[in-house]
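*Asks:* A single structure is presented below for examination.
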Amino acid sequence: MRIAINTIPLLSPLTGVGSYTFNIAQSLWAIDAINDYTYFYGYYSRNLHAYYNENKKIFYQMKELVKKIPMCRGIVARELVGGFVNTASPRSFDLYFEPNFIPINIKARCSVVTIFDFSVALHPEWHPKERIDYFKKYFWKNIKRADRIIVISDYIKKEGVNLGLPEEKLRTIHLGCDREVFKTYPPQDLQSIRKKYGLPPHFMLFVGSIEPRKNLVNMIRAYVSLDKGIRKDIKLVLAGFKGWQHKEIMELLKKVKSDVVYLGYLPDTELGKLYNLATLFIYPSIYEGFGLPPLEAMACGCPVVVSNAASLPEVCGDAAQYVDPHDVNSIAGGIAKGLSDETLRRSLIARGLERAKLFSWEHAAKKHLEVFEDAAENCPHP
């Protein structure tokens with residue numbers, strides 16, 4: 001098959017959809033010697049490349065600059081949805097894979113779309129109005145064109161069915177974990193990261209976007225409620241982009257800055273070592289379509305405390321300490337137990353390492369390929 005993949009998400013820093021797009025595209029290329037792949041960046045290319053390429057970094061900066069001009073925001077969105085460059089192109093494909101929710105106008109006999117979650121529809125309070133309007137205008141109309149829909153957890157599959165998506169089109173494929181990056185490292189390989197960021201000897205870690213659904217306000221309050229002796233010995237370190245509505249969280253961080261370190265965005269190569277250095281990983285998110293950071297932490301031998309909400313129990317299984325994300329005392333108790341109970345810590349580390357082995361990008365890519373073949377074989381279009 002001639003397969004087109006929308007790789008526009010790779011023009012931005014690789015988190016979430018971008019990381020998924022790159023890892024799946026790269027793994028498909030590695031395992032599939034039969035099908036022919038083309039990548040769409042606003043133009044067609046035979047090469048798979050990502051944000052760290054300097055030319056693409058410049059493109060991203062230009063795109064972000066244009067989006068800051070109010071009259072241009074709609075133009076940028078329409079161009080991505082309509083695929084202006086693609087519309088003018090005579091290129092057509094056997095299958096089009098859209099890894100980012102909403103199909104654009106790539107000409108193909110059949111299509112497969114990935115949906116990460118339904119937070120825009122179910123929790124609009126977590127998203128800017130522009131994103132909500134964009135979703136309402138294009139998602140429900142365009143998703144009807146998909147021959148198969150990939151979801152990243154059974155939890156999201158159930159939400160999709162409840163929202164009216166046809167169950168016969170839905171396929172669950174869990175995300176993978178890059179074992180070349182997220183693994184246990186020798187202690188001597190970690191000191192450069194500790195020195196670069198001035199990290200304390202012991203700390204608990206959060207990795208993810210700084211935004212409301214990550215439940216960081218409750219996490220910080222839980223941390224502050226811990227005994228002063230614990231906070232003196234165990235600092236709180238956060239790594240991740242400043243997402244939407246991050247001001248309240250950042251203001252709270254300023255008030256506790258003596259105990260908290262905010263690192264901002266880190267590339268995966270540094271995150272792997274950061275997980276290794278952490279004493280405990282904490283992730284009390286309210287809503288996740290999958291929850292990749294806890295899995296990455298497990299693969300690095302870091303004990304994990306997560307919320308008992310959404311897809312996180314499905315991903316973490318028996319390899320995590322669970323807390324109620326809406327209860328500050330529950331989060332504080334989970335942290336304290338994860339820091340003080342050495343038997344529990346050893347158990348979480350061992351179970352986490354085994355659990356992480358169940359998730360790989362190669363396995364996910366094989367499952368994607370099965371869905372592509374199913375879509376092509378059962379496609380109603382000639």
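Chain labels run A, B, ... following the order of the structure tokens; each chain numbers its residues from 1, and ligands are numbered from 1 in the order shown.
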Listing only residues of segment 267-373 of chain A within 9 Å of segment 19-35 of chain A, what is the closest atom pair and its distance in Å (to one decimal) for each, using only C-alpha atoms, sorted by chain and residue number ascending, as a Markdown table?

*Replies:*
```
| residue | atom | partner | partner_atom | distance |
| --- | --- | --- | --- | --- |
| A:Trp361 | CA | A:Ile24 | CA | 6.4 |
| A:Glu362 | CA | A:Ser27 | CA | 5.6 |
| A:His363 | CA | A:Ser27 | CA | 8.9 |
| A:Ala364 | CA | A:Ile24 | CA | 7.3 |
| A:Ala365 | CA | A:Leu28 | CA | 5.5 |
| A:Lys366 | CA | A:Leu28 | CA | 7.5 |
| A:His368 | CA | A:Ile24 | CA | 8.3 |
| A:Leu369 | CA | A:Leu28 | CA | 7.6 |
```

*Asks:* With C-alpha atoms retained, could you export that selection as a PDB file, in the first residue's frame?

*Replies:*
```pdb
ATOM      1  CA  TRP A 361       6.574   0.944  20.180  1.00  0.00           C
ATOM      2  CA  GLU A 362       7.451  -2.059  18.010  1.00  0.00           C
ATOM      3  CA  HIS A 363       4.442  -3.976  19.355  1.00  0.00           C
ATOM      4  CA  ALA A 364       2.242  -0.894  18.938  1.00  0.00           C
ATOM      5  CA  ALA A 365       3.446  -0.457  15.342  1.00  0.00           C
ATOM      6  CA  LYS A 366       2.605  -4.103  14.535  1.00  0.00           C
ATOM      7  CA  HIS A 368      -1.206  -0.351  13.784  1.00  0.00           C
ATOM      8  CA  LEU A 369      -0.192  -2.299  10.708  1.00  0.00           C
TER       9      LEU A 369
END
```

*Asks:* Per DSSP on the backbone, what are the alpha helix (DSSP H) residues of segment 247-292 of chain A, as a ChimeraX atom specification?

*Replies:* /A:247-255,268-277,292

*Asks:* Now that the selection is made, can you save its residues with C-alpha atoms as a PDB file, in the first residue's frame?

*Replies:*
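New file again15.pdb:
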```pdb
ATOM      1  CA  LYS A 247      -0.736  30.878  35.941  1.00  0.00           C
ATOM      2  CA  GLU A 248      -2.375  29.655  39.167  1.00  0.00           C
ATOM      3  CA  ILE A 249       0.036  26.739  39.318  1.00  0.00           C
ATOM      4  CA  MET A 250       3.083  28.907  38.627  1.00  0.00           C
ATOM      5  CA  GLU A 251       1.991  31.410  41.295  1.00  0.00           C
ATOM      6  CA  LEU A 252       1.675  28.573  43.787  1.00  0.00           C
ATOM      7  CA  LEU A 253       5.146  27.340  42.833  1.00  0.00           C
ATOM      8  CA  LYS A 254       6.575  30.784  43.612  1.00  0.00           C
ATOM      9  CA  LYS A 255       5.195  30.574  47.141  1.00  0.00           C
ATOM     10  CA  ASP A 268      13.543  12.412  26.357  1.00  0.00           C
ATOM     11  CA  THR A 269      17.280  11.714  26.539  1.00  0.00           C
ATOM     12  CA  GLU A 270      17.451  13.830  29.703  1.00  0.00           C
ATOM     13  CA  LEU A 271      14.099  12.672  31.075  1.00  0.00           C
ATOM     14  CA  GLY A 272      15.259   9.063  31.153  1.00  0.00           C
ATOM     15  CA  LYS A 273      18.120   9.992  33.451  1.00  0.00           C
ATOM     16  CA  LEU A 274      15.913  12.310  35.514  1.00  0.00           C
ATOM     17  CA  TYR A 275      13.544   9.405  36.260  1.00  0.00           C
ATOM     18  CA  ASN A 276      16.588   7.363  37.344  1.00  0.00           C
ATOM     19  CA  LEU A 277      17.653  10.066  39.798  1.00  0.00           C
ATOM     20  CA  LEU A 292       2.897   7.673  29.454  1.00  0.00           C
TER      21      LEU A 292
END
```

*Asks:* Mind dumping a table of every segment 228-335 of chain A residue within 8 Å of segment 108-120 of chain A, with the nearest atom pair and its distance in Å to one decimal, using only C-alpha atoms, sorted by chain and rising number, as JSON lines?

*Replies:*
```
{"residue": "A:Tyr287", "atom": "CA", "partner": "A:Ser119", "partner_atom": "CA", "distance": 7.8}
{"residue": "A:Glu288", "atom": "CA", "partner": "A:Asp117", "partner_atom": "CA", "distance": 7.3}
{"residue": "A:Gly289", "atom": "CA", "partner": "A:Asp117", "partner_atom": "CA", "distance": 4.8}
{"residue": "A:Phe290", "atom": "CA", "partner": "A:Phe116", "partner_atom": "CA", "distance": 7.6}
```

*Asks:* Taking into account only C-alpha atoms, which residue in the set A:Glu370, A:Asp178, A:Glu296, A:Asp327 is nearest to Asn308 of chain A?

*Replies:*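 Result for the nearest residue to Asn308 of chain A: A:Asp327.
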
*Asks:* Just give me the gap between atom CA of Arg194 of chain A and atom CA of Phe359 of chain A in Å, one decimal is fine.

*Replies:*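 Separation of atom CA of Arg194 of chain A and atom CA of Phe359 of chain A: 28.0 Å.
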
*Asks:* Taking the chain letters and numbering used in this document, name the residues of segment 143-376 of chain A that DSSP puts in strand (DSSP E or B), as a PDB file with C-alpha atoms, in the first residue's frame.

*Replies:*
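Saved as selection_0.pdb:
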```
ATOM      1  CA  ARG A 148     -10.955   2.645  11.477  1.00  0.00           C
ATOM      2  CA  ILE A 149     -10.367   4.599  14.700  1.00  0.00           C
ATOM      3  CA  ILE A 150      -7.459   3.782  16.996  1.00  0.00           C
ATOM      4  CA  VAL A 151      -7.834   4.662  20.688  1.00  0.00           C
ATOM      5  CA  LEU A 170     -12.747   1.275  17.265  1.00  0.00           C
ATOM      6  CA  ARG A 171      -9.477  -0.533  18.008  1.00  0.00           C
ATOM      7  CA  THR A 172      -7.483  -0.204  21.241  1.00  0.00           C
ATOM      8  CA  PHE A 203      13.583  14.426  45.249  1.00  0.00           C
ATOM      9  CA  MET A 204      10.129  13.384  44.115  1.00  0.00           C
ATOM     10  CA  LEU A 205       9.340  14.025  40.461  1.00  0.00           C
ATOM     11  CA  PHE A 206       6.398  15.057  38.289  1.00  0.00           C
ATOM     12  CA  VAL A 207       6.679  15.033  34.482  1.00  0.00           C
ATOM     13  CA  ILE A 210       1.693  22.419  33.606  1.00  0.00           C
ATOM     14  CA  LYS A 235      12.374  18.283  47.315  1.00  0.00           C
ATOM     15  CA  LEU A 236       9.693  18.390  44.610  1.00  0.00           C
ATOM     16  CA  VAL A 237      10.892  18.626  40.987  1.00  0.00           C
ATOM     17  CA  LEU A 238       8.589  19.349  38.037  1.00  0.00           C
ATOM     18  CA  ALA A 239       9.475  18.967  34.347  1.00  0.00           C
ATOM     19  CA  LYS A 242       3.671  25.497  30.619  1.00  0.00           C
ATOM     20  CA  VAL A 260      10.221  23.085  44.630  1.00  0.00           C
ATOM     21  CA  VAL A 261      12.313  23.071  41.445  1.00  0.00           C
ATOM     22  CA  TYR A 262      10.678  23.730  38.054  1.00  0.00           C
ATOM     23  CA  LEU A 280       9.632   8.791  43.833  1.00  0.00           C
ATOM     24  CA  PHE A 281       7.463   9.643  40.823  1.00  0.00           C
ATOM     25  CA  ILE A 282       4.115  11.324  41.519  1.00  0.00           C
ATOM     26  CA  TYR A 283       1.328  11.677  38.920  1.00  0.00           C
ATOM     27  CA  VAL A 304       5.309   5.362  41.091  1.00  0.00           C
ATOM     28  CA  VAL A 305       2.362   7.001  42.881  1.00  0.00           C
ATOM     29  CA  VAL A 306      -0.574   7.757  40.562  1.00  0.00           C
ATOM     30  CA  SER A 307      -4.237   8.675  40.760  1.00  0.00           C
ATOM     31  CA  GLN A 321       0.562   3.092  44.606  1.00  0.00           C
ATOM     32  CA  TYR A 322      -2.875   4.620  43.930  1.00  0.00           C
ATOM     33  CA  VAL A 323      -4.367   7.803  45.401  1.00  0.00           C
TER      34      VAL A 323
END
```

*Asks:* Find the spatial neighbours of Trp140 of chain A, counting only C-alpha atoms, within a cut-off of 12 Å - ignore same-chain residues fewer than 5 positions away - and output them as a list in words.

*Replies:*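 Residues meeting the cut-off are Phe101, Ile102, Pro103, Ile115, Phe118, Ala121, Asp133, Tyr134, Phe135, Arg145, Ala146, Gly160, Leu163, Gly164 and Leu165 of chain A.
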
*Asks:* My list of candidates is A:Leu266, A:Cys177, A:Val256, A:Ile230. Which is closest to Ser209 of chain A when distances are computed with only C-alpha atoms?

*Replies:*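 The closest residue to Ser209 of chain A is A:Leu266.
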